[in-house]
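final.cif follows (mmCIF, C-alpha atoms):
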data_protein
#
loop_
_atom_site.label_atom_id
_atom_site.label_comp_id
_atom_site.auth_asym_id
_atom_site.auth_seq_id
_atom_site.Cartn_x
_atom_site.Cartn_y
_atom_site.Cartn_z
CA MET A 1 123.03 67.19 36.88
CA LYS A 2 124.21 64.26 34.77
CA LEU A 3 122.74 63.06 31.49
CA GLU A 4 122.98 59.58 29.98
CA ALA A 5 122.59 59.33 26.20
CA ALA A 6 119.92 56.81 25.17
CA SER A 7 119.68 57.23 21.39
CA SER A 8 120.81 59.45 18.52
CA THR A 9 119.45 59.63 14.96
CA LYS A 10 120.26 62.08 12.19
CA SER A 11 117.27 64.04 10.89
CA PHE A 12 117.25 66.94 8.39
CA ASP A 13 121.00 67.32 9.00
CA GLY A 14 120.36 67.80 12.69
CA TRP A 15 120.15 65.21 15.46
CA GLN A 16 117.19 63.59 17.17
CA LYS A 17 118.37 62.38 20.58
CA GLN A 18 117.07 60.88 23.81
CA PHE A 19 118.60 61.30 27.24
CA CYS A 20 117.99 59.80 30.68
CA HIS A 21 118.63 61.41 34.04
CA HIS A 22 117.63 61.15 37.67
CA SER A 23 115.04 63.75 38.59
CA GLU A 24 115.23 65.19 42.09
CA THR A 25 111.85 66.84 41.53
CA LEU A 26 110.05 63.62 40.60
CA GLN A 27 112.22 61.25 42.64
CA CYS A 28 112.69 58.81 39.79
CA ASP A 29 114.64 58.30 36.59
CA MET A 30 113.27 60.27 33.63
CA ARG A 31 113.80 60.39 29.88
CA PHE A 32 113.34 63.28 27.47
CA ALA A 33 113.80 63.80 23.74
CA VAL A 34 115.62 66.69 22.08
CA TYR A 35 116.02 67.76 18.47
CA LEU A 36 119.19 69.73 17.74
CA PRO A 37 119.04 71.59 14.41
CA PRO A 38 122.06 71.50 12.06
CA GLN A 39 123.07 75.06 12.97
CA ILE A 40 123.89 73.77 16.46
CA GLU A 41 127.45 73.07 15.33
CA LYS A 42 128.10 76.80 15.04
CA ASP A 43 129.45 78.80 17.95
CA THR A 44 126.14 80.27 19.05
CA ARG A 45 123.13 79.53 21.25
CA PHE A 46 119.60 78.68 20.17
CA PRO A 47 116.07 79.15 21.54
CA VAL A 48 114.02 76.19 22.76
CA LEU A 49 110.44 75.11 22.15
CA TYR A 50 109.24 72.77 24.91
CA TRP A 51 106.52 70.36 23.78
CA LEU A 52 104.16 68.75 26.32
CA SER A 53 102.32 65.64 25.18
CA GLY A 54 98.93 64.22 26.08
CA LEU A 55 97.44 61.29 27.97
CA THR A 56 99.22 57.93 27.56
CA CYS A 57 102.08 59.53 25.59
CA THR A 58 105.82 59.49 26.28
CA ASP A 59 108.67 61.69 25.05
CA GLU A 60 108.59 59.82 21.72
CA ASN A 61 105.10 60.51 20.32
CA PHE A 62 105.63 64.10 19.20
CA MET A 63 109.11 63.53 17.84
CA GLN A 64 108.07 60.48 15.81
CA LYS A 65 104.64 61.61 14.56
CA ALA A 66 104.44 65.41 14.28
CA GLY A 67 107.08 65.94 11.59
CA ALA A 68 108.43 69.00 13.38
CA GLN A 69 112.13 68.42 12.69
CA ARG A 70 112.13 69.80 9.15
CA MET A 71 110.84 73.19 10.19
CA ALA A 72 112.91 73.28 13.38
CA ALA A 73 115.99 72.65 11.24
CA GLU A 74 115.06 75.45 8.85
CA LEU A 75 114.33 77.94 11.62
CA GLY A 76 117.17 77.01 13.96
CA ILE A 77 115.03 76.06 16.98
CA VAL A 78 115.78 73.33 19.51
CA LEU A 79 112.84 71.05 20.37
CA VAL A 80 112.55 69.40 23.79
CA ALA A 81 109.85 66.88 24.72
CA PRO A 82 109.67 65.46 28.26
CA ASP A 83 107.70 62.42 29.33
CA THR A 84 104.14 62.99 30.54
CA SER A 85 104.58 61.67 34.08
CA PRO A 86 107.11 60.20 36.48
CA ARG A 87 107.97 56.55 35.80
CA GLY A 88 109.32 53.58 37.73
CA GLU A 89 108.40 50.62 39.92
CA ASP A 90 108.04 52.81 43.00
CA VAL A 91 105.87 55.43 41.28
CA PRO A 92 102.12 55.14 42.09
CA ASP A 93 99.79 54.22 39.25
CA ASP A 94 96.10 53.67 38.57
CA PRO A 95 94.36 51.13 36.31
CA GLY A 96 92.74 53.94 34.30
CA TYR A 97 94.55 55.57 31.40
CA ASP A 98 93.67 59.05 32.66
CA LEU A 99 95.41 58.87 36.05
CA GLY A 100 98.86 57.79 37.14
CA LEU A 101 101.58 56.79 34.68
CA GLY A 102 101.29 58.75 31.45
CA ALA A 103 98.79 61.12 33.04
CA GLY A 104 100.72 63.58 35.20
CA PHE A 105 98.51 66.54 34.16
CA TYR A 106 101.44 68.92 34.71
CA VAL A 107 100.46 69.73 38.30
CA ASN A 108 102.27 69.51 41.63
CA ALA A 109 100.30 66.86 43.51
CA THR A 110 99.51 67.53 47.17
CA GLN A 111 97.76 64.26 48.06
CA GLU A 112 98.94 60.78 48.97
CA PRO A 113 100.18 58.63 47.34
CA TRP A 114 100.91 61.01 44.45
CA LYS A 115 102.66 63.96 46.08
CA HIS A 116 106.12 62.40 46.36
CA HIS A 117 106.52 61.87 42.61
CA TYR A 118 103.81 63.69 40.65
CA ARG A 119 105.33 67.18 40.41
CA MET A 120 105.38 67.66 36.67
CA TYR A 121 104.66 71.38 36.97
CA ASP A 122 107.95 72.01 38.76
CA TYR A 123 109.78 69.55 36.52
CA VAL A 124 108.74 71.33 33.32
CA LEU A 125 109.10 74.82 34.76
CA LYS A 126 112.39 74.45 36.61
CA GLU A 127 114.36 71.20 36.54
CA LEU A 128 114.15 70.30 32.86
CA PRO A 129 115.08 73.78 31.52
CA ALA A 130 117.98 73.96 33.97
CA LEU A 131 119.20 70.61 32.68
CA VAL A 132 118.80 71.59 29.03
CA GLU A 133 120.53 74.93 29.54
CA GLN A 134 123.42 73.23 31.33
CA HIS A 135 124.12 70.60 28.69
CA PHE A 136 123.16 72.13 25.33
CA PRO A 137 124.08 75.35 23.47
CA VAL A 138 120.75 77.07 24.08
CA ASN A 139 119.84 80.53 25.30
CA ASP A 140 117.14 81.62 27.75
CA ARG A 141 114.46 82.23 25.11
CA ARG A 142 111.81 79.57 25.66
CA ALA A 143 108.36 78.83 24.25
CA LEU A 144 105.73 76.25 25.22
CA ALA A 145 103.46 74.09 23.09
CA GLY A 146 101.44 70.94 23.67
CA HIS A 147 98.54 68.69 22.78
CA SER A 148 95.42 67.75 24.78
CA MET A 149 96.59 67.21 28.39
CA GLY A 150 99.89 68.71 27.24
CA GLY A 151 98.04 71.65 25.73
CA HIS A 152 96.51 72.19 29.16
CA GLY A 153 100.02 72.02 30.65
CA ALA A 154 101.46 74.50 28.17
CA LEU A 155 98.63 76.98 28.75
CA VAL A 156 98.78 76.75 32.54
CA ILE A 157 102.56 76.83 32.94
CA GLY A 158 102.89 79.61 30.39
CA LEU A 159 100.09 81.78 31.77
CA LYS A 160 101.42 81.45 35.33
CA ASN A 161 105.00 82.24 34.31
CA MET A 162 104.80 84.69 31.41
CA GLU A 163 108.20 86.19 32.21
CA ARG A 164 109.87 82.88 31.32
CA TYR A 165 108.32 82.33 27.89
CA THR A 166 108.03 84.23 24.62
CA SER A 167 104.84 82.51 23.42
CA ILE A 168 102.42 79.62 23.98
CA SER A 169 100.51 77.39 21.60
CA ALA A 170 98.30 74.34 21.95
CA PHE A 171 96.56 71.74 19.84
CA SER A 172 93.20 70.52 21.17
CA PRO A 173 93.97 71.55 24.77
CA ILE A 174 91.92 70.65 27.83
CA CYS A 175 90.87 74.26 28.38
CA ASN A 176 88.66 74.01 31.45
CA PRO A 177 89.77 70.93 33.44
CA ILE A 178 87.83 71.85 36.58
CA ALA A 179 84.66 71.30 34.53
CA CYS A 180 85.44 68.14 32.51
CA PRO A 181 85.66 64.43 33.45
CA TRP A 182 89.41 64.09 32.77
CA GLY A 183 90.28 67.10 34.86
CA GLU A 184 87.84 66.38 37.68
CA ARG A 185 89.21 62.85 38.15
CA ALA A 186 92.85 63.88 38.02
CA PHE A 187 92.52 67.01 40.14
CA ALA A 188 90.51 65.22 42.84
CA ALA A 189 93.24 62.59 43.11
CA TYR A 190 96.27 64.85 42.84
CA LEU A 191 95.01 68.02 44.55
CA GLY A 192 92.25 66.89 46.91
CA ALA A 193 88.68 68.01 47.50
CA ASP A 194 89.28 71.77 47.77
CA LYS A 195 88.27 72.95 44.31
CA SER A 196 89.67 76.42 44.90
CA LEU A 197 93.11 74.80 44.56
CA TRP A 198 92.10 73.33 41.20
CA GLU A 199 91.64 76.80 39.74
CA GLU A 200 95.41 77.38 39.83
CA TYR A 201 95.73 74.73 37.11
CA ASP A 202 92.80 75.77 34.91
CA ALA A 203 93.64 77.81 31.82
CA THR A 204 90.15 79.28 31.53
CA VAL A 205 90.32 80.61 35.09
CA LEU A 206 93.87 81.88 34.65
CA LEU A 207 93.02 83.65 31.40
CA SER A 208 90.06 85.37 33.03
CA ARG A 209 92.43 86.78 35.66
CA ALA A 210 95.40 87.58 33.44
CA GLY A 211 96.82 91.07 33.76
CA GLU A 212 99.85 90.58 31.55
CA ARG A 213 99.79 89.36 27.95
CA ILE A 214 101.77 86.73 26.07
CA PRO A 215 101.15 85.62 22.44
CA LEU A 216 98.81 82.64 22.54
CA LEU A 217 97.62 80.38 19.69
CA VAL A 218 95.14 77.49 19.98
CA SER A 219 94.26 75.10 17.14
CA GLN A 220 91.16 72.92 17.43
CA GLY A 221 89.63 70.40 15.02
CA ASP A 222 85.85 70.45 14.82
CA ALA A 223 85.68 66.65 14.30
CA ASP A 224 87.51 66.03 17.59
CA GLU A 225 85.65 63.32 19.51
CA PHE A 226 86.55 64.98 22.83
CA LEU A 227 85.60 68.52 21.83
CA GLU A 228 82.44 69.17 23.82
CA GLU A 229 82.83 66.92 26.87
CA GLN A 230 86.54 67.23 27.63
CA LEU A 231 88.23 70.12 25.79
CA LYS A 232 85.79 73.05 25.99
CA PRO A 233 87.66 75.66 23.89
CA HIS A 234 84.59 77.91 23.95
CA ALA A 235 85.08 78.38 27.70
CA LEU A 236 88.61 79.62 27.05
CA GLN A 237 87.39 81.93 24.30
CA SER A 238 84.70 83.36 26.56
CA ALA A 239 87.25 84.04 29.30
CA ALA A 240 89.52 85.77 26.80
CA GLU A 241 86.71 87.94 25.52
CA ALA A 242 85.67 88.90 29.05
CA SER A 243 89.23 89.85 30.09
CA GLY A 244 90.25 91.39 26.77
CA TYR A 245 93.04 88.84 26.26
CA PRO A 246 94.14 88.68 22.59
CA LEU A 247 93.73 84.91 22.29
CA ARG A 248 93.98 83.47 18.77
CA VAL A 249 91.83 80.36 18.31
CA GLU A 250 91.66 78.62 14.95
CA HIS A 251 88.95 76.03 14.27
CA HIS A 252 89.75 73.50 11.54
CA ALA A 253 86.94 71.68 9.76
CA GLY A 254 87.14 67.90 9.60
CA TYR A 255 90.19 67.43 11.84
CA ASP A 256 90.14 65.09 14.84
CA HIS A 257 92.27 64.66 17.99
CA SER A 258 95.08 62.69 16.37
CA TYR A 259 98.65 63.45 15.35
CA TYR A 260 97.43 63.75 11.77
CA PHE A 261 95.93 67.05 12.91
CA ILE A 262 99.15 68.12 14.63
CA ALA A 263 101.29 67.18 11.62
CA SER A 264 99.00 69.20 9.36
CA PHE A 265 99.57 72.45 11.28
CA ILE A 266 102.87 72.04 13.13
CA GLU A 267 104.66 74.27 10.62
CA GLN A 268 102.23 77.08 11.39
CA HIS A 269 102.86 76.70 15.13
CA LEU A 270 106.63 76.63 14.75
CA ARG A 271 106.57 79.76 12.58
CA PHE A 272 104.29 81.41 15.14
CA HIS A 273 106.83 80.73 17.90
CA ALA A 274 109.79 81.68 15.69
CA ASP A 275 108.38 85.20 15.36
CA PHE A 276 109.02 85.65 19.08
CA LEU A 277 111.83 83.20 19.85
CA LEU A 278 114.13 84.62 17.19
CA ARG A 279 113.57 88.30 17.82
CA GLY A 280 116.74 90.24 18.54
#

This structure in structure tokens:
Amino acid sequence: MKLEAASSTKSFDGWQKQFCHHSETLQCDMRFAVYLPPQIEKDTRFPVLYWLSGLTCTDENFMQKAGAQRMAAELGIVLVAPDTSPRGEDVPDDPGYDLGLGAGFYVNATQEPWKHHYRMYDYVLKELPALVEQHFPVNDRRALAGHSMGGHGALVIGLKNMERYTSISAFSPICNPIACPWGERAFAAYLGADKSLWEEYDATVLLSRAGERIPLLVSQGDADEFLEEQLKPHALQSAAEASGYPLRVEHHAGYDHSYYFIASFIEQHLRFHADFLLRG
């Protein structure tokens, strides 16, 4: 799998880079961002934190707004941020911001016209890590984090594939998409009318069924304008309590849904992941 360099900028003595490649999974050209900490020049391999962004975002939002590079440089962790959907002239879209381009929802679509391109679940789980592990000095220790729609993606992909990840965290995730307007619209389009299929991409449902355990941190601002209608963290907490899952949810007074919230607590999340990524 070939990579084409798109940009490179020095940051905290490491390098913030962008790369383009053709995705066989998504059947289009894709771009992702990667932060390589300064220790990367040594003859060793480093763990990776994959960040999944929210609705309307690209690979750039997290890298430009979260301020994660300083802590990643200190800890010696590689950051990778994919785009949030397939892109291109031949890729189906919708006039709404919550479906189509920028709104892949990290599922494998089964319905026309989406199913040929909208397979972000497989892209994040399989193709992107294979590409990263081929081209960069990283090891097989991976963690997942994300925001909003990307928080939903991190929770779902992590909970369904615990053997591949050391830990999961999310800011303001869509916790119960089968029961919120964003999720209902996207899942109906991408997955069809059979709601039993939707449950495979719902973190609340998955947590209620979880037999294994993986460290899991969720941060939620109580001034988030989407809290009650779209995000529903209390549903996730209730599922965790019912199943005995050791979910850690932190509620932060006065914080909203923006990257100001993420920037305020990204150090905590990176240190949380470092406890597991850097073991051994």

Hits of the PyMOL selection byres ((chain A and resi 90-101) around 12) in this structure, as a PDB file with C-alpha atoms, keeping the file's coordinate frame:
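Output (selection-v4.pdb):
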ATOM      1  CA  LEU A  26     110.050  63.620  40.600  1.00  0.00           C
ATOM      2  CA  GLN A  27     112.220  61.250  42.640  1.00  0.00           C
ATOM      3  CA  CYS A  28     112.690  58.810  39.790  1.00  0.00           C
ATOM      4  CA  ASP A  29     114.640  58.300  36.590  1.00  0.00           C
ATOM      5  CA  MET A  30     113.270  60.270  33.630  1.00  0.00           C
ATOM      6  CA  GLY A  54      98.930  64.220  26.080  1.00  0.00           C
ATOM      7  CA  LEU A  55      97.440  61.290  27.970  1.00  0.00           C
ATOM      8  CA  THR A  56      99.220  57.930  27.560  1.00  0.00           C
ATOM      9  CA  CYS A  57     102.080  59.530  25.590  1.00  0.00           C
ATOM     10  CA  THR A  58     105.820  59.490  26.280  1.00  0.00           C
ATOM     11  CA  ASP A  83     107.700  62.420  29.330  1.00  0.00           C
ATOM     12  CA  THR A  84     104.140  62.990  30.540  1.00  0.00           C
ATOM     13  CA  SER A  85     104.580  61.670  34.080  1.00  0.00           C
ATOM     14  CA  PRO A  86     107.110  60.200  36.480  1.00  0.00           C
ATOM     15  CA  ARG A  87     107.970  56.550  35.800  1.00  0.00           C
ATOM     16  CA  GLY A  88     109.320  53.580  37.730  1.00  0.00           C
ATOM     17  CA  GLU A  89     108.400  50.620  39.920  1.00  0.00           C
ATOM     18  CA  GLY A 102     101.290  58.750  31.450  1.00  0.00           C
ATOM     19  CA  ALA A 103      98.790  61.120  33.040  1.00  0.00           C
ATOM     20  CA  GLY A 104     100.720  63.580  35.200  1.00  0.00           C
ATOM     21  CA  PHE A 105      98.510  66.540  34.160  1.00  0.00           C
ATOM     22  CA  TYR A 106     101.440  68.920  34.710  1.00  0.00           C
ATOM     23  CA  ALA A 109     100.300  66.860  43.510  1.00  0.00           C
ATOM     24  CA  GLN A 111      97.760  64.260  48.060  1.00  0.00           C
ATOM     25  CA  GLU A 112      98.940  60.780  48.970  1.00  0.00           C
ATOM     26  CA  PRO A 113     100.180  58.630  47.340  1.00  0.00           C
ATOM     27  CA  TRP A 114     100.910  61.010  44.450  1.00  0.00           C
ATOM     28  CA  LYS A 115     102.660  63.960  46.080  1.00  0.00           C
ATOM     29  CA  HIS A 116     106.120  62.400  46.360  1.00  0.00           C
ATOM     30  CA  HIS A 117     106.520  61.870  42.610  1.00  0.00           C
ATOM     31  CA  TYR A 118     103.810  63.690  40.650  1.00  0.00           C
ATOM     32  CA  ARG A 119     105.330  67.180  40.410  1.00  0.00           C
ATOM     33  CA  MET A 120     105.380  67.660  36.670  1.00  0.00           C
ATOM     34  CA  SER A 148      95.420  67.750  24.780  1.00  0.00           C
ATOM     35  CA  MET A 149      96.590  67.210  28.390  1.00  0.00           C
ATOM     36  CA  PRO A 181      85.660  64.430  33.450  1.00  0.00           C
ATOM     37  CA  TRP A 182      89.410  64.090  32.770  1.00  0.00           C
ATOM     38  CA  GLY A 183      90.280  67.100  34.860  1.00  0.00           C
ATOM     39  CA  GLU A 184      87.840  66.380  37.680  1.00  0.00           C
ATOM     40  CA  ARG A 185      89.210  62.850  38.150  1.00  0.00           C
ATOM     41  CA  ALA A 186      92.850  63.880  38.020  1.00  0.00           C
ATOM     42  CA  PHE A 187      92.520  67.010  40.140  1.00  0.00           C
ATOM     43  CA  ALA A 188      90.510  65.220  42.840  1.00  0.00           C
ATOM     44  CA  ALA A 189      93.240  62.590  43.110  1.00  0.00           C
ATOM     45  CA  TYR A 190      96.270  64.850  42.840  1.00  0.00           C
ATOM     46  CA  GLN A 230      86.540  67.230  27.630  1.00  0.00           C
TER      47      GLN A 230
END

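The nearest approach to Ser7 in chain A among the residues A:Phe32, A:Leu79, A:Leu277, A:His22, with only C-alpha atoms taken into account, belongs to A:Phe32.
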
Within-8 Å shell of (96.1, 70.6, 25.4) in input frame, only C-alpha atoms, as a PyMOL selection string: chain A and resi 53-54+146-155+170-175+231

Straight-line distance linking CA of Ile262 in chain A with CA of Asp59 in chain A, stated in Å to one decimal: 15.5 Å

Decode the PyMOL selection byres ((chain A and resi 14) around 10) for the given file into explicit residues and return them as an MDAnalysis selection string. chainID A and resid 9:13 15:17 35:41 69:70 72:73 76 78

Here is a test: counting only C-alpha atoms, which residue of A:Leu125, A:Val249, A:Val138, A:Leu270 is nearest to Asn161 in chain A?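 Closest residue, counting only C-alpha atoms: A:Leu125.
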
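Closest approach to Tyr50 in chain A among A:Tyr259, A:His273, A:Gln220, A:Asn108 is made by A:His273 (distances from all atoms listed in the file).
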
List the residues sitting within 9 Å of (97.8, 84.4, 16.5) in the file's frame, using all atoms listed in the file, as a ChimeraX atom specification. /A:215-218,246-250,272

As a short mmCIF file (atom, residue, chain, number, x, y, z; two decimals) with C-alpha atoms, keeping the file's coordinate frame, please: the residues near Ala239 in chain A (cut-off 9 Å, only C-alpha atoms, same-chain neighbours under 3 positions excluded).
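Done, and the output landed in selection_39.cif:
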data_model
loop_
_atom_site.label_atom_id
_atom_site.label_comp_id
_atom_site.auth_asym_id
_atom_site.auth_seq_id
_atom_site.Cartn_x
_atom_site.Cartn_y
_atom_site.Cartn_z
CA THR A 204 90.15 79.28 31.53
CA VAL A 205 90.32 80.61 35.09
CA LEU A 206 93.87 81.88 34.65
CA LEU A 207 93.02 83.65 31.40
CA SER A 208 90.06 85.37 33.03
CA ARG A 209 92.43 86.78 35.66
CA HIS A 234 84.59 77.91 23.95
CA ALA A 235 85.08 78.38 27.70
CA LEU A 236 88.61 79.62 27.05
CA ALA A 242 85.67 88.90 29.05
CA SER A 243 89.23 89.85 30.09
CA GLY A 244 90.25 91.39 26.77
CA TYR A 245 93.04 88.84 26.26
#

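The spacing separating CA of Leu227 in chain A from CA of Ile178 in chain A amounts to 15.3 Å.
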